[in-house]
Amino acid sequence: LRHGCRHHHRARVSREGSKRMTDFTMNKDAEGIATITWDVPGKSMNVMSFDGLRDLEKHIDDALADDAVKGIVITSGKEGSFAGGMDLNLLAKMKEDAGDDPAKGLFEGTMQMHALLRKIERAGMDPKTNKGGKPVACVIPGTAAGIGLELPLATHRTFAADNPKARIGLPEILVGIFPGAGGTTRMVRKLGAMAASPFLLEGKMVAPAAAQKAGIIDEVSEDPMAAARHWVLNAKDADMVKPWDAKGYKMPGGAPYHPAGFMTFVGASAMVNGKTQGVYPAAKALLSAVYEGALVPFDTALKIEARWFTNVLMNPSSGNMIRSLFLNKEALEKGAVRPEGVPDQRVKKLGVLGAGMMGAGITLVSVQAGIEVVLIDQTQEAADKGKAYSASYFDKGIARKKSTEEKKAKALDLITATTDLDALKDCDLIIEAVFEDPKVKAEMTQKVEAVIPEDCIFASNTSTLPITDLAKASSRAEQFIGIHFFSPVEKMLLVEIIKGQETGDRAVAKALDYVRQIRKTPIVVNDARFFYANRCIIPYANEGARMITEGAAPQLVDHAAQLLGFPVGPVQLTDETSIDLGAKIARATKAAMGNAYPASQADDLIFWMEDLGRLGRKANAGFFDYDEKGKRQGYWKGMHDKFPLAEEQPDLRDVQDRLMFVQVLEAVRALEEGVLEDIREGDVGAILGWGFAPWSGGPFSWLDIIGTPYAAERCDQLEAQFGERFKCPDLLREMAEKNQTFYGRFGPDAKAA
């Protein structure tokens, strides 16, 4: 009886202790199991912090030292998830706190994490005999990512709930780092380098059943807690010893000096360089940690992993990627730039005008978010075709087992495809996606405004026409806004919201709330020719064309861009988006700007290709030759008849700098003119909108890497050599003189101060 009371008393004490709002609490029960529950106050999903690590270590030490405790179960207090990973702000803080020697601080901080996880893994075992340890199980109720999987990997057995919505994996590589709390070393020792590579190098997240099949976790159970408790109470010494701590351990698939293992690393090295072009430091560092770690004992391998992890964190690329792809992106999605004091503007019923490619895509993403859509076109046939786009999208999903007939039926029920404008009478948002012609758009605006409610917001999905001009056709300009989608709508993550001169706060809030509903990332910009994204993309494409007219090989131009981390080079991009679109933009810009238009040889090349009917991929002929199936067959040699190849090809660095600066300087000018209101939007928008060198963190982050003094100096060199478009903007010149950084001067922290 006394024995039971003691446990009862202990449980009460630890419950009372939990009033301190700690991240981890521990409860010891009469059977001798200490259950450690991870439940971060005020968060919907657990994230690891330094306080959390200290809490966890305190409980582990207590449980290992207490003779009444037979074993430990670590679990989560959050429904449906174990943990979402590390608090990424911490990594930056670790670096800052280390003062003059940041590498030392990062390495020591990482090694402390390793020491704690190793303590859990060894659980008091005798180092020589591997006996006398306490069993430690982990119960995963749902999603486990990053450190949320690295912790379970250090326990002796992992039990996951049968939760098909859960995702388990190590996604670190996607934000420019790699698993640095033992995940890299343990995954490779557990699965072998080959089997671990999709999880480490691609950040693949899988459902519990697939994670068990791959060998990442041990059991999927209806009642994982009961299964874990049963295992803990019956575990023998041998059940707790990790393969790599047992005598005679051999790495699955062979170590690097084994013939099979050697082939794996040759292939992996080629694959990583093929995919990353060597510009993402994390992939290279990960591979180095795996290769070097596989040649040494486990504890040394952890130290090597920590050194490479420190190496990546010290590279400005990782900090910038985390800031842009994680922190800034999340801030924008949560409404960092939403006007204050405007009530919730979520869309209940959407009207889409124009059922072409864009209108059909907008309809699809809206019904996926459960929004009712009225899809309008001039003919019933065109409207039905727009609705069919959603049907075929779901069919493809069903074929790949990613969707179901029920989901498809539910989504299609939300779409009314019609020619009747009266169907729009109870919509609260209209998105116009008709032909890019101001007259057609103006006529449509007036017809629709006659039908829709007084308070309905009207948005135009235009990519180039100024919103302030389009709003002139509206009787309520404060309710008129631009919502610019990128093609294909369902794949592209970015949406550009454009404020006209008279656009009001409610329209901005409406657009932001809608973009959040459809789970995309918004940036809000002020009205100016080409807004933000196209303003930077068009010069990129033009610069590529211009270099061809100067005799540069198109292969050199495209590969130079890919070696900077762009998904496609400017020449290929022009073929994908179509050459006549380039010609049309050039003509329209010329007409609007008159004598101020900067004519260039790039236009000559584009107009000449247009006359020849070589309009790009859609015409099966452009800068590339294509076969009858539309597959690229290499660059078209005929372009050199008019623009001969130069005997001496340009220097790779000049080509790269021209391609980078021509975009980055437009981003700076957009900030200078007030088109961009927030540099976070400039960076996130560039990466998500057109794949701007993600490793750099975006145009402003890239300028911070190279430094404003050097950037201004390089502008002067490029201007002298290649022309006025490289002229250093006044803002950049001023910042260079003061040696300022963009995030130091315009970042959210600078604004707050």
# chains A, B, ... in the order shown; residues from 1 in each chain; ligands from 1
call {"tool": "residues_around", "arguments": {"residues": "Ala383 of chain A", "least_positions_apart": "5", "cutoff": "7 Å", "atoms": "only C-alpha atoms", "output": "number ranges by chain"}}
result
A: 355, 375-377, 417-418
call {"tool": "write_last_selection", "arguments": {"atoms": "N, CA and C atoms", "output": "PDB file, in the first residue's frame"}}
result
ATOM      1  N   ALA A 355     -13.241  31.412 -68.467  1.00  0.00           N
ATOM      2  CA  ALA A 355     -12.988  30.015 -68.093  1.00  0.00           C
ATOM      3  C   ALA A 355     -11.792  29.438 -68.843  1.00  0.00           C
ATOM      4  N   LEU A 375     -18.613  30.119 -62.435  1.00  0.00           N
ATOM      5  CA  LEU A 375     -17.627  30.276 -63.509  1.00  0.00           C
ATOM      6  C   LEU A 375     -18.338  30.744 -64.784  1.00  0.00           C
ATOM      7  N   ILE A 376     -17.957  31.935 -65.229  1.00  0.00           N
ATOM      8  CA  ILE A 376     -18.672  32.572 -66.346  1.00  0.00           C
ATOM      9  C   ILE A 376     -17.810  32.600 -67.605  1.00  0.00           C
ATOM     10  N   ASP A 377     -18.410  32.277 -68.755  1.00  0.00           N
ATOM     11  CA  ASP A 377     -17.738  32.535 -70.037  1.00  0.00           C
ATOM     12  C   ASP A 377     -18.809  32.902 -71.065  1.00  0.00           C
ATOM     13  N   ALA A 417     -21.128  26.386 -63.815  1.00  0.00           N
ATOM     14  CA  ALA A 417     -20.554  26.905 -65.071  1.00  0.00           C
ATOM     15  C   ALA A 417     -21.694  27.445 -65.927  1.00  0.00           C
ATOM     16  N   THR A 418     -21.632  28.739 -66.274  1.00  0.00           N
ATOM     17  CA  THR A 418     -22.782  29.353 -66.955  1.00  0.00           C
ATOM     18  C   THR A 418     -22.369  30.578 -67.772  1.00  0.00           C
TER      19      THR A 418
END
call {"tool": "residues_around", "arguments": {"residues": "Ile216 of chain A", "least_positions_apart": "4", "cutoff": "10 Å", "atoms": "only C-alpha atoms", "output": "PyMOL selection string"}}
result
chain A and resi 149+152-153+158+168-169+186-187+190-191+196+199+208+210-212
call {"tool": "write_last_selection", "arguments": {"atoms": "all heavy atoms", "output": "short mmCIF file (atom, residue, chain, number, x, y, z; two decimals), in the first residue's frame"}}
result
data_model
loop_
_atom_site.label_atom_id
_atom_site.label_comp_id
_atom_site.auth_asym_id
_atom_site.auth_seq_id
_atom_site.Cartn_x
_atom_site.Cartn_y
_atom_site.Cartn_z
N LEU A 149 11.39 13.61 -35.09
CA LEU A 149 11.71 12.23 -35.44
C LEU A 149 13.09 11.86 -34.91
O LEU A 149 13.34 10.70 -34.58
CB LEU A 149 11.66 12.04 -36.97
CG LEU A 149 12.07 10.66 -37.50
CD1 LEU A 149 11.22 9.55 -36.87
CD2 LEU A 149 11.97 10.59 -39.02
N PRO A 152 12.60 10.33 -31.34
CA PRO A 152 12.17 8.93 -31.37
C PRO A 152 13.27 7.98 -31.88
O PRO A 152 13.41 6.86 -31.38
CB PRO A 152 10.99 8.93 -32.35
CG PRO A 152 10.45 10.31 -32.30
CD PRO A 152 11.61 11.21 -32.01
N LEU A 153 14.07 8.42 -32.86
CA LEU A 153 15.14 7.56 -33.40
C LEU A 153 16.17 7.20 -32.32
O LEU A 153 16.86 6.20 -32.43
CB LEU A 153 15.85 8.24 -34.58
CG LEU A 153 15.12 8.28 -35.93
CD1 LEU A 153 15.88 9.16 -36.91
CD2 LEU A 153 14.93 6.88 -36.51
N THR A 158 9.81 2.58 -31.25
CA THR A 158 8.86 3.65 -31.55
C THR A 158 7.52 3.08 -31.99
O THR A 158 7.47 2.22 -32.89
CB THR A 158 9.43 4.54 -32.69
OG1 THR A 158 10.73 4.94 -32.31
CG2 THR A 158 8.58 5.76 -32.90
N ILE A 168 5.62 11.54 -41.29
CA ILE A 168 6.83 11.31 -40.51
C ILE A 168 8.04 11.50 -41.42
O ILE A 168 8.07 10.96 -42.52
CB ILE A 168 6.80 9.87 -39.92
CG1 ILE A 168 5.65 9.77 -38.89
CG2 ILE A 168 8.13 9.49 -39.29
CD1 ILE A 168 5.40 8.39 -38.34
N GLY A 169 9.02 12.30 -40.98
CA GLY A 169 10.20 12.49 -41.82
C GLY A 169 11.10 13.60 -41.34
O GLY A 169 10.89 14.20 -40.27
N ARG A 186 21.82 8.43 -37.51
CA ARG A 186 21.00 7.27 -37.13
C ARG A 186 20.24 6.69 -38.34
O ARG A 186 20.11 5.48 -38.46
CB ARG A 186 20.01 7.64 -36.01
CG ARG A 186 20.71 7.79 -34.67
CD ARG A 186 19.78 7.95 -33.48
NE ARG A 186 20.54 8.03 -32.24
CZ ARG A 186 21.03 9.15 -31.72
NH1 ARG A 186 20.80 10.31 -32.32
NH2 ARG A 186 21.74 9.12 -30.61
N MET A 187 19.73 7.57 -39.22
CA MET A 187 18.99 7.06 -40.39
C MET A 187 19.90 6.20 -41.27
O MET A 187 19.50 5.16 -41.77
CB MET A 187 18.44 8.22 -41.24
CG MET A 187 17.20 8.83 -40.68
SD MET A 187 15.76 7.77 -40.85
CE MET A 187 14.89 8.61 -42.12
N LYS A 190 20.70 2.93 -39.60
CA LYS A 190 19.50 2.09 -39.49
C LYS A 190 19.13 1.49 -40.85
O LYS A 190 18.84 0.31 -40.97
CB LYS A 190 18.35 2.99 -39.00
CG LYS A 190 17.30 2.31 -38.14
CD LYS A 190 16.41 3.40 -37.53
CE LYS A 190 15.08 2.90 -37.06
NZ LYS A 190 15.09 2.02 -35.91
N LEU A 191 19.14 2.35 -41.90
CA LEU A 191 18.60 1.93 -43.20
C LEU A 191 19.67 1.68 -44.26
O LEU A 191 19.39 1.08 -45.29
CB LEU A 191 17.65 3.00 -43.77
CG LEU A 191 16.57 3.58 -42.86
CD1 LEU A 191 15.74 4.61 -43.61
CD2 LEU A 191 15.66 2.48 -42.34
N ALA A 196 18.23 5.47 -47.03
CA ALA A 196 17.99 6.69 -46.25
C ALA A 196 17.93 7.93 -47.14
O ALA A 196 17.39 8.96 -46.74
CB ALA A 196 19.10 6.87 -45.21
N PHE A 199 14.82 10.21 -47.70
CA PHE A 199 14.38 10.90 -46.49
C PHE A 199 15.34 12.04 -46.14
O PHE A 199 14.93 13.10 -45.70
CB PHE A 199 14.25 9.91 -45.33
CG PHE A 199 13.28 8.80 -45.63
CD1 PHE A 199 13.72 7.55 -46.02
CD2 PHE A 199 11.91 9.04 -45.60
CE1 PHE A 199 12.82 6.54 -46.34
CE2 PHE A 199 11.00 8.04 -45.92
CZ PHE A 199 11.45 6.78 -46.30
N PRO A 208 2.53 6.88 -41.39
CA PRO A 208 3.10 5.92 -40.44
C PRO A 208 3.35 4.52 -41.03
O PRO A 208 4.41 3.94 -40.80
CB PRO A 208 2.07 5.87 -39.31
CG PRO A 208 1.43 7.23 -39.34
CD PRO A 208 1.40 7.63 -40.80
N ALA A 210 3.99 3.64 -44.08
CA ALA A 210 5.15 3.66 -44.98
C ALA A 210 6.44 3.84 -44.19
O ALA A 210 7.48 3.29 -44.55
CB ALA A 210 4.98 4.80 -46.00
N ALA A 211 6.36 4.60 -43.08
CA ALA A 211 7.55 4.80 -42.25
C ALA A 211 7.96 3.48 -41.59
O ALA A 211 9.15 3.18 -41.46
CB ALA A 211 7.28 5.86 -41.18
N GLN A 212 6.96 2.68 -41.23
CA GLN A 212 7.27 1.37 -40.63
C GLN A 212 7.88 0.44 -41.68
O GLN A 212 8.88 -0.23 -41.44
CB GLN A 212 6.01 0.74 -40.04
CG GLN A 212 6.32 -0.57 -39.32
CD GLN A 212 5.11 -1.44 -39.07
OE1 GLN A 212 4.02 -1.16 -39.54
NE2 GLN A 212 5.30 -2.51 -38.33
#
call {"tool": "residues_around", "arguments": {"residues": "segment 387-390 of chain A", "least_positions_apart": "5", "cutoff": "12 Å", "atoms": "only C-alpha atoms", "output": "ChimeraX atom specification"}}
result
/A:352,354-368,373-377,380-382,395-397,407-418,488-490
call {"tool": "residues_around", "arguments": {"residues": "Glu121 of chain A", "least_positions_apart": "3", "cutoff": "7 Å", "atoms": "only C-alpha atoms", "output": "list in words"}}
result
Leu117, Arg118, Ala154, Thr155 and His156 of chain A
call {"tool": "select_by_dssp", "arguments": {"residues": "segment 67-214 of chain A", "states": "helix (DSSP H, G or I)", "output": "number ranges by chain"}}
result
A: 89-97, 102-122, 147-154, 171-175, 183-191, 193-201, 208-214
call {"tool": "closest_atom_pairs", "arguments": {"of": "segment 106-215 of chain A", "to": "segment 79-89 of chain A", "cutoff": "7 Å", "atoms": "only C-alpha atoms", "output": "JSON lines"}}
result
{"residue": "A:Ile140", "atom": "CA", "partner": "A:Phe82", "partner_atom": "CA", "distance": 5.4}
{"residue": "A:Pro141", "atom": "CA", "partner": "A:Gly80", "partner_atom": "CA", "distance": 5.3}
{"residue": "A:Gly142", "atom": "CA", "partner": "A:Ser81", "partner_atom": "CA", "distance": 3.8}
{"residue": "A:Thr143", "atom": "CA", "partner": "A:Ser81", "partner_atom": "CA", "distance": 4.4}
{"residue": "A:Ala144", "atom": "CA", "partner": "A:Ala83", "partner_atom": "CA", "distance": 5.0}
{"residue": "A:Ala145", "atom": "CA", "partner": "A:Gly84", "partner_atom": "CA", "distance": 5.0}
{"residue": "A:Gly146", "atom": "CA", "partner": "A:Gly85", "partner_atom": "CA", "distance": 4.5}
{"residue": "A:Ile147", "atom": "CA", "partner": "A:Gly85", "partner_atom": "CA", "distance": 4.8}
{"residue": "A:Gly148", "atom": "CA", "partner": "A:Ala83", "partner_atom": "CA", "distance": 4.6}
call {"tool": "closest_atom_pairs", "arguments": {"of": "segment 99-162 of chain A", "to": "segment 60-71 of chain A", "cutoff": "10 Å", "atoms": "only C-alpha atoms", "output": "Markdown table"}}
result
| residue | atom | partner | partner_atom | distance |
| --- | --- | --- | --- | --- |
| A:Leu116 | CA | A:Ile60 | CA | 8.9 |
| A:Lys119 | CA | A:Ile60 | CA | 8.4 |
| A:Ile120 | CA | A:Ile60 | CA | 7.2 |
| A:Ala123 | CA | A:Leu64 | CA | 6.9 |
| A:Gly124 | CA | A:Leu64 | CA | 6.8 |
| A:Gly133 | CA | A:Leu64 | CA | 8.6 |
| A:Lys134 | CA | A:Gly71 | CA | 5.2 |
| A:Pro135 | CA | A:Gly71 | CA | 4.9 |
| A:Val136 | CA | A:Gly71 | CA | 5.9 |
| A:Ala137 | CA | A:Gly71 | CA | 8.1 |
call {"tool": "select_by_dssp", "arguments": {"residues": "segment 336-441 of chain A", "states": "strand (DSSP E)", "output": "PyMOL selection string"}}
result
chain A and resi 349-353+372-376+415-418+429-432
call {"tool": "write_last_selection", "arguments": {"atoms": "all heavy atoms", "output": "tab-separated table (two decimals), in the first residue's frame"}}
result
chain	number	residue	atom	x	y	z
A	349	LYS	N	-18.68	33.09	-51.52
A	349	LYS	CA	-19.03	32.72	-52.89
A	349	LYS	C	-18.21	33.57	-53.86
A	349	LYS	O	-18.19	34.80	-53.76
A	349	LYS	CB	-20.53	32.93	-53.13
A	349	LYS	CG	-21.03	32.32	-54.43
A	349	LYS	CD	-22.55	32.36	-54.48
A	349	LYS	CE	-23.08	31.67	-55.72
A	349	LYS	NZ	-24.56	31.69	-55.75
A	350	LEU	N	-17.53	32.88	-54.76
A	350	LEU	CA	-16.61	33.54	-55.69
A	350	LEU	C	-17.16	33.52	-57.11
A	350	LEU	O	-17.69	32.49	-57.55
A	350	LEU	CB	-15.26	32.80	-55.64
A	350	LEU	CG	-14.19	33.20	-56.64
A	350	LEU	CD1	-13.61	34.56	-56.29
A	350	LEU	CD2	-13.05	32.15	-56.67
A	351	GLY	N	-17.04	34.63	-57.81
A	351	GLY	CA	-17.37	34.66	-59.23
A	351	GLY	C	-16.09	34.72	-60.04
A	351	GLY	O	-15.22	35.55	-59.76
A	352	VAL	N	-15.91	33.82	-61.01
A	352	VAL	CA	-14.72	33.85	-61.87
A	352	VAL	C	-15.16	34.18	-63.29
A	352	VAL	O	-16.00	33.46	-63.86
A	352	VAL	CB	-13.96	32.50	-61.83
A	352	VAL	CG1	-12.76	32.53	-62.78
A	352	VAL	CG2	-13.49	32.18	-60.41
A	353	LEU	N	-14.63	35.26	-63.84
A	353	LEU	CA	-15.01	35.68	-65.19
A	353	LEU	C	-13.94	35.24	-66.16
A	353	LEU	O	-12.80	35.68	-66.08
A	353	LEU	CB	-15.16	37.21	-65.25
A	353	LEU	CG	-15.94	37.87	-64.10
A	353	LEU	CD1	-15.97	39.39	-64.28
A	353	LEU	CD2	-17.36	37.32	-64.01
A	372	GLU	N	-17.62	28.09	-52.86
A	372	GLU	CA	-18.57	27.96	-53.97
A	372	GLU	C	-18.15	28.90	-55.10
A	372	GLU	O	-17.81	30.06	-54.85
A	372	GLU	CB	-19.96	28.37	-53.44
A	372	GLU	CG	-21.10	27.85	-54.26
A	372	GLU	CD	-22.44	28.32	-53.68
A	372	GLU	OE1	-22.55	28.50	-52.44
A	372	GLU	OE2	-23.36	28.53	-54.48
A	373	VAL	N	-18.15	28.41	-56.36
A	373	VAL	CA	-17.68	29.23	-57.48
A	373	VAL	C	-18.70	29.29	-58.61
A	373	VAL	O	-19.27	28.27	-59.01
A	373	VAL	CB	-16.35	28.66	-58.06
A	373	VAL	CG1	-15.88	29.49	-59.26
A	373	VAL	CG2	-15.26	28.61	-57.00
A	374	VAL	N	-18.93	30.52	-59.11
A	374	VAL	CA	-19.72	30.70	-60.33
A	374	VAL	C	-18.71	31.02	-61.44
A	374	VAL	O	-18.00	32.03	-61.37
A	374	VAL	CB	-20.74	31.86	-60.19
A	374	VAL	CG1	-21.50	32.05	-61.49
A	374	VAL	CG2	-21.69	31.58	-59.03
A	375	LEU	N	-18.61	30.12	-62.44
A	375	LEU	CA	-17.63	30.28	-63.51
A	375	LEU	C	-18.34	30.74	-64.78
A	375	LEU	O	-19.21	30.06	-65.30
A	375	LEU	CB	-16.92	28.94	-63.74
A	375	LEU	CG	-15.86	28.88	-64.83
A	375	LEU	CD1	-14.73	29.87	-64.56
A	375	LEU	CD2	-15.28	27.46	-64.96
A	376	ILE	N	-17.96	31.94	-65.23
A	376	ILE	CA	-18.67	32.57	-66.35
A	376	ILE	C	-17.81	32.60	-67.60
A	376	ILE	O	-16.62	32.93	-67.54
A	376	ILE	CB	-19.03	34.05	-65.98
A	376	ILE	CG1	-19.91	34.10	-64.71
A	376	ILE	CG2	-19.63	34.79	-67.16
A	376	ILE	CD1	-21.39	34.10	-64.95
A	415	ILE	N	-19.18	24.05	-58.27
A	415	ILE	CA	-18.97	24.89	-59.47
A	415	ILE	C	-20.26	25.03	-60.28
A	415	ILE	O	-20.87	24.03	-60.66
A	415	ILE	CB	-17.89	24.30	-60.40
A	415	ILE	CG1	-16.58	24.05	-59.63
A	415	ILE	CG2	-17.63	25.23	-61.60
A	415	ILE	CD1	-15.50	23.32	-60.43
A	416	THR	N	-20.67	26.28	-60.53
A	416	THR	CA	-21.77	26.54	-61.47
A	416	THR	C	-21.14	27.15	-62.71
A	416	THR	O	-20.62	28.27	-62.67
A	416	THR	CB	-22.77	27.55	-60.86
A	416	THR	OG1	-23.18	27.07	-59.58
A	416	THR	CG2	-23.98	27.75	-61.76
A	417	ALA	N	-21.13	26.39	-63.82
A	417	ALA	CA	-20.55	26.91	-65.07
A	417	ALA	C	-21.69	27.44	-65.93
A	417	ALA	O	-22.64	26.72	-66.24
A	417	ALA	CB	-19.82	25.79	-65.80
A	418	THR	N	-21.63	28.74	-66.27
A	418	THR	CA	-22.78	29.35	-66.96
A	418	THR	C	-22.37	30.58	-67.77
A	418	THR	O	-21.25	31.09	-67.61
A	418	THR	CB	-23.85	29.75	-65.90
A	418	THR	OG1	-24.94	30.39	-66.56
A	418	THR	CG2	-23.28	30.72	-64.86
A	429	LEU	N	-16.81	38.05	-53.79
A	429	LEU	CA	-15.56	38.40	-54.48
A	429	LEU	C	-15.69	37.97	-55.95
A	429	LEU	O	-16.19	36.88	-56.24
A	429	LEU	CB	-14.37	37.67	-53.84
A	429	LEU	CG	-13.01	37.83	-54.55
A	429	LEU	CD1	-12.50	39.28	-54.49
A	429	LEU	CD2	-11.94	36.90	-53.96
A	430	ILE	N	-15.26	38.85	-56.85
A	430	ILE	CA	-15.21	38.52	-58.28
A	430	ILE	C	-13.74	38.55	-58.69
A	430	ILE	O	-13.00	39.46	-58.33
A	430	ILE	CB	-15.96	39.59	-59.12
A	430	ILE	CG1	-17.44	39.70	-58.71
A	430	ILE	CG2	-15.81	39.33	-60.62
A	430	ILE	CD1	-18.30	38.53	-59.10
A	431	ILE	N	-13.31	37.51	-59.43
A	431	ILE	CA	-11.97	37.57	-60.03
A	431	ILE	C	-12.14	37.52	-61.55
A	431	ILE	O	-12.70	36.56	-62.09
A	431	ILE	CB	-11.07	36.41	-59.56
A	431	ILE	CG1	-10.86	36.49	-58.04
A	431	ILE	CG2	-9.71	36.46	-60.28
A	431	ILE	CD1	-10.03	35.36	-57.46
A	432	GLU	N	-11.68	38.57	-62.20
A	432	GLU	CA	-11.82	38.67	-63.65
A	432	GLU	C	-10.54	38.15	-64.30
A	432	GLU	O	-9.45	38.60	-63.97
A	432	GLU	CB	-12.10	40.15	-63.98
A	432	GLU	CG	-11.95	40.54	-65.42
A	432	GLU	CD	-10.52	40.88	-65.77
A	432	GLU	OE1	-9.96	41.81	-65.19
A	432	GLU	OE2	-9.98	40.18	-66.64
call {"tool": "atom_distance", "arguments": {"atom1": "atom CA of Asp749 of chain A", "atom2": "atom CA of Asn315 of chain A"}}
result
21.6 Å
call {"tool": "residues_around", "arguments": {"residues": "segment 180-184 of chain A", "least_positions_apart": "2", "cutoff": "7 Å", "atoms": "only C-alpha atoms", "output": "JSON, numbers by chain"}}
result
{"A": [110, 113, 114, 147, 150, 178, 186, 187, 188, 200, 290, 302, 305, 306, 309]}
call {"tool": "write_last_selection", "arguments": {"atoms": "N, CA, C and O atoms", "output": "short mmCIF file (atom, residue, chain, number, x, y, z; two decimals), in the first residue's frame"}}
result
data_model
loop_
_atom_site.label_atom_id
_atom_site.label_comp_id
_atom_site.auth_asym_id
_atom_site.auth_seq_id
_atom_site.Cartn_x
_atom_site.Cartn_y
_atom_site.Cartn_z
N THR A 110 25.06 22.11 -30.51
CA THR A 110 24.65 20.90 -31.23
C THR A 110 25.12 19.66 -30.47
O THR A 110 24.37 18.69 -30.33
N MET A 113 22.89 18.70 -27.63
CA MET A 113 21.70 17.94 -28.07
C MET A 113 22.07 16.48 -28.29
O MET A 113 21.34 15.57 -27.90
N HIS A 114 23.23 16.25 -28.95
CA HIS A 114 23.69 14.88 -29.18
C HIS A 114 23.86 14.15 -27.86
O HIS A 114 23.48 12.98 -27.74
N ILE A 147 13.44 17.32 -35.48
CA ILE A 147 13.81 16.83 -34.14
C ILE A 147 12.68 15.95 -33.59
O ILE A 147 12.90 15.08 -32.76
N GLU A 150 13.98 12.84 -34.80
CA GLU A 150 15.33 12.54 -34.29
C GLU A 150 15.28 12.05 -32.85
O GLU A 150 16.04 11.17 -32.45
N PHE A 178 20.29 20.46 -42.72
CA PHE A 178 20.06 19.01 -42.78
C PHE A 178 19.88 18.52 -41.35
O PHE A 178 20.14 19.27 -40.41
N ARG A 186 21.82 8.43 -37.51
CA ARG A 186 21.00 7.27 -37.13
C ARG A 186 20.24 6.69 -38.34
O ARG A 186 20.11 5.48 -38.46
N MET A 187 19.73 7.57 -39.22
CA MET A 187 18.99 7.06 -40.39
C MET A 187 19.90 6.20 -41.27
O MET A 187 19.50 5.16 -41.77
N VAL A 188 21.13 6.67 -41.46
CA VAL A 188 22.05 5.93 -42.33
C VAL A 188 22.46 4.60 -41.69
O VAL A 188 22.53 3.57 -42.35
N LEU A 200 16.64 11.81 -46.36
CA LEU A 200 17.63 12.83 -45.99
C LEU A 200 17.81 13.87 -47.09
O LEU A 200 17.84 15.07 -46.83
N VAL A 290 27.51 11.99 -44.04
CA VAL A 290 27.14 10.58 -44.17
C VAL A 290 28.38 9.74 -44.53
O VAL A 290 28.66 8.71 -43.92
N LEU A 302 28.74 11.15 -34.82
CA LEU A 302 27.88 12.24 -34.33
C LEU A 302 28.66 13.56 -34.30
O LEU A 302 28.13 14.62 -34.62
N GLU A 305 28.92 14.80 -37.79
CA GLU A 305 27.62 15.38 -38.19
C GLU A 305 27.48 16.79 -37.61
O GLU A 305 27.07 17.72 -38.30
N ALA A 306 27.87 16.95 -36.35
CA ALA A 306 27.75 18.27 -35.70
C ALA A 306 28.67 19.30 -36.37
O ALA A 306 28.31 20.47 -36.52
N PHE A 309 27.07 20.23 -39.64
CA PHE A 309 25.86 21.01 -39.34
C PHE A 309 26.26 22.45 -39.02
O PHE A 309 25.67 23.41 -39.51
#
call {"tool": "residues_around", "arguments": {"residues": "segment 533-535 of chain A", "least_positions_apart": "2", "cutoff": "8 Å", "atoms": "only C-alpha atoms", "output": "list of chain:residue names"}}
result
A:Ser463, A:Thr464, A:Arg529, A:Phe530, A:Phe531, A:Ile537, A:Ile538, A:Pro539, A:Glu666, A:Gly685, A:Ala686, A:Gly689, A:Trp690
call {"tool": "residues_around", "arguments": {"residues": "Ser44 of chain A", "least_positions_apart": "2", "cutoff": "9 Å", "atoms": "only C-alpha atoms", "output": "compact mmCIF listing (two decimals) with C-alpha atoms, in the first residue's frame"}}
result
# COMPACT_ATOMS: atom_id res chain seq x y z
CA VAL A 40 4.37 23.13 -25.38
CA PRO A 41 1.92 25.65 -23.87
CA GLY A 42 0.11 27.92 -26.34
CA ASN A 46 5.24 20.95 -30.32
CA LYS A 78 -1.02 17.28 -28.68
CA GLU A 79 -3.79 15.51 -30.49
call {"tool": "atom_distance", "arguments": {"atom1": "atom CA of Ala646 of chain A", "atom2": "atom CA of Leu556 of chain A"}}
result
12.1 Å
call {"tool": "atom_distance", "arguments": {"atom1": "atom CA of Lys58 of chain A", "atom2": "atom CA of Gly132 of chain A"}}
result
20.4 Å
